[in-house]
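Asks: Dropping in coords.txt, with compact mmCIF, C-alpha atoms and all ligand atoms.
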```txt
# COMPACT_ATOMS: atom_id res chain seq x y z
CA MET D 2 20.95 -0.30 -111.53
CA LYS D 3 22.85 0.49 -108.37
CA VAL D 4 21.02 -0.86 -105.35
CA LEU D 5 21.39 -0.34 -101.61
CA ILE D 6 19.71 -2.79 -99.22
CA LEU D 7 19.25 -1.74 -95.60
CA GLY D 8 19.52 -4.42 -92.92
CA SER D 9 21.77 -7.21 -91.68
CA GLY D 10 19.77 -10.41 -91.28
CA GLY D 11 18.92 -13.56 -93.18
CA ARG D 12 16.11 -11.70 -94.89
CA GLU D 13 18.52 -9.13 -96.29
CA HIS D 14 20.94 -11.84 -97.40
CA ALA D 15 18.07 -13.58 -99.23
CA ILE D 16 17.06 -10.31 -100.93
CA ALA D 17 20.70 -9.57 -101.83
CA TRP D 18 21.19 -13.13 -103.18
CA LYS D 19 18.15 -12.74 -105.42
CA VAL D 20 18.77 -9.16 -106.58
CA ALA D 21 22.36 -10.12 -107.47
CA GLN D 22 20.98 -12.58 -110.05
CA SER D 23 19.33 -9.79 -112.02
CA PRO D 24 20.92 -8.63 -115.27
CA LEU D 25 19.64 -5.15 -114.38
CA LEU D 26 22.04 -4.92 -111.43
CA THR D 27 25.31 -3.07 -111.84
CA LYS D 28 26.34 -2.65 -108.20
CA LEU D 29 24.93 -3.90 -104.90
CA TYR D 30 25.57 -2.49 -101.44
CA ILE D 31 24.20 -3.73 -98.14
CA ALA D 32 24.21 -1.60 -94.99
CA PRO D 33 25.41 -2.87 -92.60
CA GLY D 34 25.07 -6.45 -93.95
CA ASN D 35 26.81 -9.55 -92.59
CA ALA D 36 29.47 -12.06 -93.67
CA GLY D 37 27.04 -13.58 -96.16
CA THR D 38 25.94 -10.38 -97.87
CA SER D 39 29.55 -9.49 -98.64
CA GLU D 40 29.48 -12.27 -101.28
CA PRO D 41 26.76 -10.94 -103.64
CA GLY D 42 27.44 -7.32 -102.73
CA GLU D 43 29.59 -4.92 -100.77
CA ASN D 44 28.87 -4.19 -97.13
CA VAL D 45 28.92 -0.60 -96.00
CA GLN D 46 29.06 0.46 -92.39
CA ILE D 47 26.37 3.07 -92.07
CA ASP D 48 23.98 3.55 -89.21
CA ILE D 49 20.68 2.94 -90.98
CA SER D 50 18.69 4.83 -88.39
CA ASP D 51 20.60 7.97 -89.42
CA PHE D 52 18.74 8.99 -92.60
CA TYR D 53 21.18 11.80 -93.34
CA LYS D 54 24.02 9.23 -93.50
CA VAL D 55 21.90 6.99 -95.77
CA LYS D 56 21.18 10.01 -97.95
CA ALA D 57 24.84 11.01 -98.19
CA PHE D 58 25.79 7.48 -99.24
CA CYS D 59 23.03 7.29 -101.85
CA LEU D 60 24.13 10.59 -103.38
CA GLU D 61 27.81 9.75 -103.29
CA MET D 62 27.33 6.34 -104.95
CA ALA D 63 24.51 7.42 -107.29
CA ILE D 64 22.17 4.74 -105.91
CA ASP D 65 19.11 4.07 -108.09
CA MET D 66 17.09 1.98 -105.66
CA LEU D 67 16.90 1.65 -101.90
CA ILE D 68 15.34 -1.55 -100.52
CA VAL D 69 14.44 -1.26 -96.85
CA GLY D 70 14.65 -4.67 -95.13
CA PRO D 71 13.57 -4.13 -91.49
CA GLU D 72 10.61 -2.23 -90.07
CA ASN D 73 12.34 0.34 -87.89
CA PRO D 74 13.48 2.76 -90.61
CA LEU D 75 10.04 2.47 -92.24
CA VAL D 76 8.18 3.22 -89.01
CA ALA D 77 10.60 6.11 -88.43
CA GLY D 78 9.62 7.52 -91.84
CA ILE D 79 12.51 6.85 -94.20
CA VAL D 80 10.19 6.78 -97.23
CA ASP D 81 8.78 10.24 -96.43
CA PHE D 82 12.30 11.49 -95.76
CA PHE D 83 13.38 10.39 -99.25
CA HIS D 84 10.25 11.72 -100.94
CA ASN D 85 10.49 15.10 -99.26
CA ASP D 86 14.08 15.71 -100.24
CA ARG D 87 14.59 17.15 -103.72
CA GLN D 88 18.15 15.89 -103.96
CA LEU D 89 16.82 12.35 -103.54
CA ALA D 90 14.00 12.75 -106.03
CA GLY D 91 15.29 10.22 -108.57
CA ILE D 92 15.91 7.41 -106.08
CA LYS D 93 13.40 4.57 -105.99
CA ILE D 94 12.55 3.29 -102.55
CA ILE D 95 10.88 0.02 -101.60
CA GLY D 96 8.68 0.29 -98.51
CA PRO D 97 5.53 2.09 -97.36
CA ASP D 98 5.36 5.68 -96.22
CA LYS D 99 5.19 6.52 -92.53
CA LYS D 100 1.43 6.28 -92.38
CA GLY D 101 1.46 2.88 -94.11
CA ALA D 102 4.19 1.68 -91.73
CA LEU D 103 1.75 2.24 -88.87
CA LEU D 104 0.14 -1.03 -89.93
CA GLU D 105 3.09 -2.58 -88.12
CA GLY D 106 4.11 0.35 -85.91
CA SER D 107 0.77 0.66 -84.13
CA LYS D 108 -1.44 -2.30 -83.27
CA GLU D 109 -4.32 0.11 -82.62
CA PHE D 110 -3.94 1.69 -86.08
CA ALA D 111 -3.84 -1.77 -87.68
CA LYS D 112 -6.92 -2.96 -85.80
CA ASP D 113 -8.87 0.22 -86.59
CA PHE D 114 -7.86 -0.15 -90.25
CA MET D 115 -9.09 -3.75 -90.32
CA GLN D 116 -12.35 -2.84 -88.64
CA LYS D 117 -12.93 0.07 -91.00
CA TYR D 118 -12.31 -2.03 -94.12
CA ASN D 119 -14.13 -5.12 -92.90
CA ILE D 120 -11.06 -7.34 -92.75
CA PRO D 121 -11.56 -10.40 -90.52
CA THR D 122 -9.59 -10.12 -87.28
CA ALA D 123 -10.14 -10.84 -83.58
CA ALA D 124 -12.62 -8.51 -81.81
CA TYR D 125 -10.69 -5.93 -79.77
CA LYS D 126 -10.69 -2.76 -77.74
CA SER D 127 -7.79 -0.43 -77.05
CA PHE D 128 -6.94 1.31 -73.80
CA ASN D 129 -4.45 3.79 -72.42
CA LYS D 130 -3.00 4.36 -68.97
CA ASP D 131 -5.92 6.52 -67.91
CA SER D 132 -8.38 3.76 -68.69
CA LEU D 133 -6.74 1.00 -66.64
CA GLU D 134 -9.84 0.31 -64.56
CA GLU D 135 -12.01 0.30 -67.66
CA ALA D 136 -9.58 -2.23 -69.17
CA ARG D 137 -9.93 -4.39 -66.05
CA GLU D 138 -13.71 -4.35 -66.42
CA PHE D 139 -13.34 -5.25 -70.09
CA LEU D 140 -11.05 -8.20 -69.25
CA LYS D 141 -13.80 -9.52 -66.96
CA THR D 142 -16.23 -9.64 -69.87
CA ILE D 143 -14.06 -11.83 -72.11
CA THR D 144 -13.23 -15.51 -71.82
CA PRO D 145 -9.56 -16.42 -71.35
CA PRO D 146 -6.93 -16.69 -72.69
CA TYR D 147 -6.48 -12.92 -72.59
CA VAL D 148 -4.46 -11.41 -75.43
CA LEU D 149 -2.68 -8.15 -74.54
CA LYS D 150 -0.75 -6.26 -77.23
CA ALA D 151 1.46 -3.26 -76.60
CA ASP D 152 0.57 -0.77 -79.32
CA GLY D 153 4.05 0.09 -80.59
CA LEU D 154 7.15 -1.78 -81.79
CA ALA D 155 8.46 -3.97 -78.98
CA ALA D 156 10.97 -6.19 -80.82
CA GLY D 157 8.50 -9.06 -81.01
CA LYS D 158 7.95 -9.14 -77.25
CA GLY D 159 4.87 -6.95 -77.00
CA VAL D 160 2.18 -9.66 -77.17
CA LEU D 161 1.15 -11.47 -73.99
CA ILE D 162 -1.28 -14.38 -73.84
CA LEU D 163 -2.46 -15.11 -70.32
CA ASN D 164 -4.96 -17.47 -68.75
CA ASP D 165 -5.45 -15.80 -65.40
CA LEU D 166 -7.46 -12.61 -64.97
CA GLU D 167 -5.39 -11.27 -62.06
CA ILE D 168 -2.10 -11.93 -63.89
CA ALA D 169 -3.50 -10.27 -67.01
CA TYR D 170 -4.41 -7.22 -64.95
CA GLN D 171 -0.95 -7.10 -63.32
CA GLU D 172 0.74 -7.38 -66.72
CA LEU D 173 -1.46 -4.65 -68.11
CA LYS D 174 -0.41 -2.39 -65.25
CA GLU D 175 3.26 -3.20 -65.87
CA ILE D 176 2.91 -2.40 -69.57
CA PHE D 177 1.36 0.97 -68.73
CA ASP D 178 4.17 1.49 -66.20
CA GLY D 179 6.72 1.20 -68.99
CA LYS D 180 7.64 -2.50 -69.28
CA PHE D 181 7.89 -2.00 -73.07
CA GLY D 182 8.77 1.69 -72.93
CA SER D 183 6.63 4.02 -74.99
CA ALA D 184 5.40 1.05 -77.10
CA GLY D 185 3.10 0.29 -74.18
CA SER D 186 1.44 3.68 -73.81
CA LYS D 187 -1.60 2.03 -75.38
CA VAL D 188 -2.67 -1.60 -75.20
CA VAL D 189 -4.96 -3.54 -77.49
CA ILE D 190 -6.93 -6.31 -75.77
CA GLU D 191 -8.37 -8.83 -78.17
CA ASP D 192 -10.13 -12.16 -78.41
CA PHE D 193 -8.01 -15.26 -78.57
CA LEU D 194 -8.16 -17.00 -81.95
CA LYS D 195 -7.78 -20.75 -81.92
CA GLY D 196 -6.25 -22.21 -85.04
CA ILE D 197 -3.00 -22.70 -86.90
CA GLU D 198 -0.83 -19.81 -88.06
CA LEU D 199 0.70 -19.01 -91.41
CA SER D 200 1.68 -15.91 -93.33
CA VAL D 201 0.87 -14.54 -96.73
CA PHE D 202 3.07 -12.00 -98.49
CA VAL D 203 1.98 -9.36 -100.94
CA LEU D 204 4.06 -7.09 -103.09
CA THR D 205 2.25 -3.92 -104.10
CA ASP D 206 2.83 -0.68 -105.97
CA GLY D 207 -0.09 0.88 -104.09
CA SER D 208 -2.65 -0.02 -106.69
CA SER D 209 -1.83 -3.45 -108.16
CA TYR D 210 -0.48 -6.37 -106.22
CA VAL D 211 1.03 -9.81 -106.61
CA ILE D 212 0.67 -12.52 -103.98
CA LEU D 213 3.96 -14.21 -103.17
CA PRO D 214 4.21 -17.79 -101.87
CA GLU D 215 2.81 -18.26 -98.37
CA ALA D 216 4.96 -19.55 -95.51
CA LYS D 217 4.78 -20.89 -92.00
CA ASP D 218 7.42 -20.10 -89.44
CA TYR D 219 8.21 -21.68 -86.09
CA LYS D 220 8.46 -18.93 -83.51
CA ARG D 221 9.17 -20.74 -80.25
CA ILE D 222 12.66 -21.71 -79.18
CA GLY D 223 11.72 -25.20 -78.02
CA GLU D 224 10.56 -28.31 -79.78
CA GLY D 225 6.83 -28.88 -79.95
CA ASP D 226 6.39 -25.09 -80.02
CA THR D 227 7.36 -24.57 -76.41
CA GLY D 228 9.41 -21.96 -74.57
CA LEU D 229 10.13 -18.36 -75.40
CA ASN D 230 9.22 -16.58 -78.60
CA THR D 231 12.07 -15.94 -81.02
CA GLY D 232 12.33 -14.10 -84.33
CA GLY D 233 11.69 -17.50 -85.96
CA MET D 234 13.49 -20.85 -85.82
CA GLY D 235 12.59 -22.22 -89.24
CA ALA D 236 10.07 -21.94 -92.02
CA VAL D 237 8.31 -23.88 -94.72
CA SER D 238 6.80 -22.79 -98.06
CA PRO D 239 4.32 -23.72 -99.46
CA VAL D 240 2.16 -24.46 -96.43
CA PRO D 241 0.47 -27.84 -96.89
CA PHE D 242 -2.73 -26.87 -95.07
CA ALA D 243 -3.19 -23.67 -97.09
CA GLY D 244 -5.19 -25.09 -99.95
CA LYS D 245 -6.53 -23.25 -102.98
CA GLU D 246 -9.87 -22.49 -101.36
CA PHE D 247 -8.25 -21.07 -98.21
CA LEU D 248 -5.89 -18.89 -100.28
CA ARG D 249 -8.83 -17.70 -102.36
CA LYS D 250 -10.54 -16.58 -99.14
CA VAL D 251 -7.34 -14.79 -98.10
CA GLU D 252 -7.28 -12.88 -101.38
CA GLU D 253 -11.00 -12.01 -101.40
CA ARG D 254 -11.50 -11.27 -97.70
CA ILE D 255 -8.11 -9.87 -96.77
CA VAL D 256 -5.80 -8.86 -99.63
CA LYS D 257 -8.39 -7.02 -101.73
CA PRO D 258 -9.94 -5.07 -98.81
CA THR D 259 -6.43 -4.26 -97.55
CA MET D 260 -5.55 -2.79 -100.96
CA ASN D 261 -8.83 -0.90 -100.98
CA GLY D 262 -8.06 0.51 -97.51
CA LEU D 263 -4.56 1.62 -98.54
CA LYS D 264 -6.04 3.56 -101.47
CA LYS D 265 -8.86 5.10 -99.45
CA GLU D 266 -6.45 6.19 -96.72
CA GLU D 267 -4.13 7.64 -99.40
CA ILE D 268 -1.25 5.57 -98.15
CA ASP D 269 1.75 5.51 -100.46
CA TYR D 270 2.71 1.87 -100.33
CA LYS D 271 5.34 0.46 -102.65
CA GLY D 272 6.67 -2.63 -101.01
CA PHE D 273 6.02 -5.86 -99.16
CA ILE D 274 3.01 -6.52 -96.95
CA PHE D 275 3.37 -9.43 -94.55
CA ILE D 276 -0.01 -10.67 -93.40
CA GLY D 277 0.16 -12.89 -90.31
CA LEU D 278 -2.91 -15.13 -90.33
CA MET D 279 -4.74 -17.59 -88.16
CA ASN D 280 -6.56 -20.35 -89.99
CA VAL D 281 -9.64 -20.84 -87.82
CA GLU D 282 -11.45 -23.90 -89.12
CA GLY D 283 -10.72 -22.97 -92.71
CA ASP D 284 -11.37 -19.24 -92.37
CA PRO D 285 -8.51 -16.72 -92.35
CA TYR D 286 -8.22 -14.00 -89.67
CA VAL D 287 -5.49 -11.38 -89.56
CA ILE D 288 -3.29 -11.51 -86.46
CA GLU D 289 -0.94 -8.79 -87.58
CA TYR D 290 0.42 -6.83 -90.50
CA ASN D 291 4.13 -6.29 -90.97
CA VAL D 292 5.36 -3.82 -93.54
CA ARG D 293 8.35 -5.82 -94.75
CA MET D 294 9.26 -9.40 -95.55
CA GLY D 295 9.44 -11.88 -92.70
CA ASP D 296 12.63 -13.39 -91.36
CA PRO D 297 13.04 -16.42 -91.72
CA GLU D 298 10.06 -16.40 -94.12
CA ALA D 299 12.10 -14.51 -96.73
CA GLU D 300 14.58 -17.38 -96.71
CA VAL D 301 11.88 -19.74 -98.03
CA VAL D 302 9.71 -17.34 -100.06
CA ILE D 303 12.42 -15.57 -102.06
CA PRO D 304 14.09 -18.79 -103.32
CA ARG D 305 10.70 -19.77 -104.74
CA ILE D 306 10.43 -16.63 -106.88
CA LYS D 307 11.66 -17.50 -110.36
CA SER D 308 11.07 -14.07 -111.87
CA ASP D 309 13.66 -11.30 -111.77
CA LEU D 310 12.99 -9.67 -108.37
CA LEU D 311 14.86 -6.49 -109.21
CA GLN D 312 12.80 -6.02 -112.34
CA ILE D 313 9.64 -6.56 -110.31
CA LEU D 314 10.75 -4.09 -107.64
CA ASN D 315 11.46 -1.63 -110.43
CA LEU D 316 7.88 -2.02 -111.69
CA VAL D 317 6.66 -1.60 -108.09
CA SER D 318 8.49 1.69 -107.76
CA GLU D 319 7.10 2.90 -111.09
CA GLY D 320 3.53 1.92 -110.20
CA GLU D 321 3.44 -0.58 -113.05
CA LEU D 322 3.20 -3.88 -111.25
CA ASN D 323 0.08 -4.78 -113.25
CA ARG D 324 2.41 -5.55 -116.16
CA GLU D 325 4.01 -8.44 -114.30
CA GLN D 326 3.08 -12.10 -114.02
CA LEU D 327 5.07 -13.64 -111.21
CA GLU D 328 6.72 -16.99 -111.90
CA ILE D 329 6.89 -19.26 -108.86
CA ASP D 330 8.93 -22.42 -108.33
CA GLU D 331 6.52 -25.28 -107.57
CA ARG D 332 9.02 -26.99 -105.30
CA SER D 333 8.99 -26.68 -101.51
CA VAL D 334 11.63 -24.69 -99.70
CA THR D 335 12.37 -25.11 -96.01
CA THR D 336 14.81 -23.30 -93.77
CA LEU D 337 16.37 -24.14 -90.41
CA MET D 338 17.77 -21.43 -88.18
CA LEU D 339 21.02 -22.23 -86.43
CA VAL D 340 21.13 -20.08 -83.32
CA SER D 341 23.51 -19.19 -80.49
CA GLY D 342 23.08 -21.08 -77.21
CA GLY D 343 21.01 -18.98 -74.82
CA TYR D 344 19.05 -17.16 -77.54
CA PRO D 345 16.47 -15.54 -77.31
CA GLU D 346 17.88 -14.56 -73.92
CA ALA D 347 21.54 -13.69 -73.30
CA TYR D 348 24.07 -15.40 -75.59
CA GLN D 349 27.71 -15.02 -76.55
CA LYS D 350 29.10 -13.88 -79.89
CA GLY D 351 32.40 -14.24 -81.69
CA PHE D 352 32.58 -18.04 -82.07
CA LYS D 353 34.18 -19.43 -85.21
CA ILE D 354 31.80 -21.14 -87.63
CA THR D 355 33.16 -24.24 -89.37
CA GLY D 356 31.88 -26.62 -92.02
CA LEU D 357 30.26 -24.08 -94.35
CA GLU D 358 32.35 -25.34 -97.27
CA LYS D 359 30.95 -28.87 -96.81
CA VAL D 360 27.37 -27.80 -97.46
CA GLU D 361 25.82 -29.33 -100.58
CA ASP D 362 22.42 -28.57 -102.13
CA SER D 363 21.38 -25.97 -99.55
CA ILE D 364 21.60 -22.20 -99.65
CA ILE D 365 23.11 -20.72 -96.52
CA TYR D 366 21.66 -17.33 -95.75
CA HIS D 367 23.68 -15.56 -93.09
CA ALA D 368 21.95 -13.73 -90.25
CA GLY D 369 24.18 -12.89 -87.28
CA THR D 370 27.65 -13.39 -88.76
CA ARG D 371 30.70 -11.32 -89.47
CA LYS D 372 34.05 -11.89 -91.14
CA GLU D 373 37.34 -11.50 -89.34
CA SER D 374 40.71 -12.32 -90.87
CA GLY D 375 39.29 -14.88 -93.25
CA SER D 376 37.03 -16.60 -90.68
CA VAL D 377 33.27 -16.36 -90.29
CA LEU D 378 32.25 -15.64 -86.69
CA THR D 379 28.91 -15.68 -84.91
CA ASN D 380 27.60 -12.17 -84.37
CA GLY D 381 24.00 -12.53 -83.22
CA GLY D 382 21.33 -14.79 -81.75
CA ARG D 383 20.12 -16.15 -85.04
CA VAL D 384 23.29 -17.05 -86.94
CA LEU D 385 22.56 -18.96 -90.18
CA ALA D 386 19.52 -20.09 -92.11
CA VAL D 387 19.91 -23.38 -94.00
CA SER D 388 17.44 -23.29 -96.91
CA SER D 389 16.76 -26.23 -99.22
CA TYR D 390 14.50 -27.23 -102.07
CA GLY D 391 12.55 -30.47 -102.24
CA SER D 392 9.60 -31.98 -104.08
CA ASP D 393 7.73 -31.60 -100.77
CA PHE D 394 8.58 -30.07 -97.40
CA LYS D 395 9.74 -33.39 -95.96
CA GLU D 396 12.30 -33.89 -98.70
CA ALA D 397 13.47 -30.28 -98.39
CA LEU D 398 13.81 -30.62 -94.61
CA LYS D 399 15.95 -33.72 -94.98
CA VAL D 400 18.45 -31.71 -97.02
CA SER D 401 18.40 -28.82 -94.53
CA TYR D 402 18.98 -31.18 -91.60
CA LYS D 403 21.76 -33.04 -93.39
CA ASN D 404 23.59 -29.79 -94.07
CA ALA D 405 22.92 -28.32 -90.63
CA SER D 406 24.79 -31.29 -89.16
CA LYS D 407 27.90 -30.36 -91.17
CA ILE D 408 28.05 -26.86 -89.68
CA SER D 409 29.24 -26.15 -86.20
CA PHE D 410 30.03 -23.37 -83.79
CA LYS D 411 30.25 -23.33 -80.03
CA GLU D 412 26.84 -23.72 -78.37
CA MET D 413 25.02 -24.03 -81.70
CA TYR D 414 21.35 -24.95 -81.32
CA PHE D 415 18.55 -25.66 -83.76
CA ARG D 416 15.10 -27.18 -83.54
CA LYS D 417 14.92 -30.78 -84.72
CA ASP D 418 11.17 -30.71 -85.33
CA ILE D 419 10.50 -28.06 -87.97
CA GLY D 420 7.39 -29.10 -89.91
CA PHE D 421 6.35 -31.49 -87.11
CA ASP D 422 2.75 -30.30 -87.16
CA LEU D 423 2.23 -30.42 -90.92
P1 LIG Q 501 2.46 -10.73 -83.03
O1 LIG Q 501 3.59 -10.07 -82.32
O2 LIG Q 501 1.31 -9.86 -83.33
O3 LIG Q 501 2.93 -11.61 -84.16
O4 LIG Q 501 1.89 -11.82 -82.01
C1 LIG Q 501 2.76 -12.81 -81.49
C2 LIG Q 501 2.06 -14.13 -81.47
O5 LIG Q 501 0.97 -14.11 -80.55
C3 LIG Q 501 1.42 -14.52 -82.79
O6 LIG Q 501 2.32 -15.08 -83.67
C4 LIG Q 501 0.36 -15.50 -82.33
O7 LIG Q 501 0.94 -16.76 -82.11
C5 LIG Q 501 -0.06 -14.94 -81.02
N1 LIG Q 501 -1.30 -14.16 -81.15
C6 LIG Q 501 -1.41 -12.86 -81.41
N2 LIG Q 501 -2.70 -12.48 -81.42
C7 LIG Q 501 -3.43 -13.58 -81.16
C8 LIG Q 501 -4.83 -13.84 -81.05
N3 LIG Q 501 -5.73 -12.88 -81.15
N4 LIG Q 501 -5.20 -15.10 -80.78
C9 LIG Q 501 -4.30 -16.09 -80.63
N5 LIG Q 501 -2.98 -15.91 -80.72
C10 LIG Q 501 -2.54 -14.67 -80.98
N1 LIG Q 502 9.29 -14.29 -88.50
C1 LIG Q 502 8.42 -13.28 -88.07
C2 LIG Q 502 8.75 -11.93 -88.52
O1 LIG Q 502 9.58 -11.70 -89.38
O2 LIG Q 502 8.16 -11.00 -88.00
```
Please express the file's structure as structure tokens.
Ligand code: AMP
Ligand code: GLY

Replies:
Amino acid sequence: MKVLILGSGGREHAIAWKVAQSPLLTKLYIAPGNAGTSEPGENVQIDISDFYKVKAFCLEMAIDMLIVGPENPLVAGIVDFFHNDRQLAGIKIIGPDKKGALLEGSKEFAKDFMQKYNIPTAAYKSFNKDSLEEAREFLKTITPPYVLKADGLAAGKGVLILNDLEIAYQELKEIFDGKFGSAGSKVVIEDFLKGIELSVFVLTDGSSYVILPEAKDYKRIGEGDTGLNTGGMGAVSPVPFAGKEFLRKVEERIVKPTMNGLKKEEIDYKGFIFIGLMNVEGDPYVIEYNVRMGDPEAEVVIPRIKSDLLQILNLVSEGELNREQLEIDERSVTTLMLVSGGYPEAYQKGFKITGLEKVEDSIIYHAGTRKESGSVLTNGGRVLAVSSYGSDFKEALKVSYKNASKISFKEMYFRKDIGFDL
């Protein structure tokens, strides 16, 4: 099979690394990719938001399967675009249709979906600009912290958690005034859930599903989970506090009703579902859906899949996932993100990365990197993910930390406390 992966982060490198191990693969392209993805495949410089360019490439190279890494093309409707074009009829595509992508693209849609299908989540109400005063009255009726969520995609910045009523009201006004652009034309206000977070990943063909290993990521830039939110600074799988009974509740109360909802809503969903959860005293609540794999969660979940991922994705696209039993590696995998100084705010790019050849027993998934005349240079905020196996997360982390210390680039930063709370 000839495969094209869309995206350029650690997640896409992990997918490319895994797909490249499949005997079914004949040629792998990644658009636009990074320095790491050019090892298992060939990078192609296409603007992935331009579906006509993606189409032209798929036709020219006779691509059999398109795997969509990030959410933006999905929310913009790339699956519908492919399905509605006769020339593209034979090409398999991994990801939900545009309506399914609203589970990530619209917080209001996701909350309404959960309410309709009885999926445990924080109580909420949504508001638009015209109902600002009503929203203020609503805020007065709930106990802080106040959780405000811009409805649309806001690059991970659209959730605010505030303790003060007046500040919450001011922020709400600013969101309606365009702080997050059109993503903030509606705002969901919801109850604060107190607990510990983790994520569960599901791969579905729209009717059957398999549950992939769960993971926990570390979103804040600073140690002890302090400072600004990032895309994720590290991750661990499995999650020690997600026992069998908790995961059984996740499947019964969340995964099964989610699948039921997808069918009832006639959503065409052939791809990954990322379920962000809060464990509230042993009971799971959904914080958010994402319609793709997580990053850096992919860098710990994918290395734990022993089965042939390309074969599984092929069954997904054919609606025959029920034929597959997933084989999972029992070992732990952890990842550490090495990031550019300044991230998640302003940072510089173009620094030379050294020491990669000294790494032993870890898999380096590239995120923001590029190649230039034989050197690997930094090219983003999150630069490299150092993933390692171990008999438990502590042993795996030791290997990740040992190898992280061999790598360097100017202003490199990483958290020293991944797994500290486990
Ligand atoms: P999201 O962008 O939906 O992932 O939200 C960002 C972060 O806000 C989550 O990872 C949680 O840490 C936090 N969060 C979101 N919703 C809630 C909630 N209802 N209660 C507590 N924390 C929340
Ligand atoms: N690491 C969180 C995400 O991928 O959304």

Asks: Which residues are near ligand LIG 502 (chain Q) in this structure, taking near to mean any atom at most 6 Å from a ligand atom and counting only C-alpha atoms and all ligand atoms? Format them as JSON, numbers by chain.

Replies: {"D": [232, 233, 295, 296, 297]}

Asks: Around ligand LIG 501 (chain Q), which protein and nucleic acid residues have at least one atom no more than 6 Å from it, if we count only C-alpha atoms and all ligand atoms? List them as a ChimeraX atom specification.

Replies: /D:123,157,160,191-195,288-289

Asks: For Gly153 of chain D, which residue out of D:Phe114, D:Leu322, D:Leu133, D:Ala102 is the nearest one, using all atoms listed in the file?

Replies: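 So, comparing all the options, the nearest one is D:Ala102.
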
Asks: Using atom CA of Pro239 of chain D and atom CA of Glu215 of chain D as the two end points, give the distance in Å to one decimal.

Replies: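 Distance reported for this atom pair: 5.8 Å.
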
Asks: Excluding Leu163 of chain D and any residue of its chain fewer than 4 positions from it, enumerate the residues within 6 Å of it, using only C-alpha atoms, and give them as a ChimeraX atom specification.

Replies: /D:146-147,169

Asks: Excluding Ala63 of chain D and any residue of its chain fewer than 3 positions from it, enumerate the residues within 8 Å of it, using all atoms listed in the file, and give them as a PyMOL selection string.

Replies: chain D and resi 3+59-60

Asks: Go ahead and compute the interatomic distance for atom CA of Ile92 of chain D and atom CA of Asp51 of chain D, in Å to one decimal.

Replies: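 That distance, rounded to one decimal, is 17.3 Å.
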
Asks: What's the separation between atom CA of Glu266 of chain D and atom CA of Ile79 of chain D, in Å to one decimal place?

Replies: 19.1 Å

Asks: Might you pull out every residue within 9 Å of Asp81 of chain D, with all atoms listed in the file counted and same-chain residues fewer than 5 positions away left off, and present them as a PyMOL selection string?

Replies: chain D and resi 75+86+97-99

Asks: Leaving out segment 31-48 of chain D and any residue of its chain fewer than 2 positions from it, which residues lie within 10 Å of it when counting all atoms listed in the file, given as a VMD selection string?

Replies: chain D and resid 4 to 11 13 to 22 28 to 29 50 to 55 58 67 to 69 365 to 373 376 to 380 385

Asks: Might you pull out every residue within 9 Å of segment 392-398 of chain D, with all atoms listed in the file counted and same-chain residues fewer than 3 positions away left off, and present them as number ranges by chain?

Replies: D: 237-241, 331-337, 388-389, 401-403, 419-420

Asks: Find the residues with any atom within 10 Å of (6.4, 4.1, -93.7); use all atoms listed in the file and the coordinates as given in the file, and write the answer as number ranges by chain.

Replies: D: 72-82, 95-106, 268-272, 292

Asks: Find, counting only C-alpha atoms, the residue in D:Glu328, D:Glu298, D:Asp131, D:Glu175 that gets nearest to Leu199 of chain D.

Replies: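 Nearest to Leu199 of chain D: D:Glu298.
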
Asks: Rank D:Met234, D:Val287, D:Ile120, D:Leu173 by their smallest atom-to-atom distance to Glu253 of chain D, using all atoms listed in the file, and report the top residue only.

Replies: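 Counting all atoms listed in the file, the residue closest to Glu253 of chain D is D:Ile120.
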
Asks: Using all atoms listed in the file, find the one residue out of D:Leu339, D:Asp178, D:Glu134, D:Lys187 that sits nearest to Leu149 of chain D.

Replies: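 Among D:Leu339, D:Asp178, D:Glu134, D:Lys187, it is D:Lys187 that comes nearest to Leu149 of chain D.
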
Asks: With only C-alpha atoms as the basis for distance, which of D:Met294, D:Ala136, D:Leu26, D:Ala236 is at the shortest distance from Pro71 of chain D?

Replies: D:Met294

Asks: With distances taken over only C-alpha atoms, which residue among D:Pro24, D:Glu61, D:Met2, D:Lys245 lies nearest Asp309 of chain D?

Replies: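 Checking each of D:Pro24, D:Glu61, D:Met2, D:Lys245 against Asp309 of chain D, counting only C-alpha atoms, the winner is D:Pro24.
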
Asks: Around the point (8.8, -6.3, -108.3), in the coordinates given by the file, pick out the residues reaching within 9 Å, counting only C-alpha atoms, and return them as a list in words.

Replies: Leu204, Thr205, Asp206, Val211, Gly272, Ser308, Asp309, Leu310, Leu311, Gln312, Ile313, Leu314, Asn315, Leu316, Val317, Ser318, Leu322, Glu325 and Leu327 of chain D
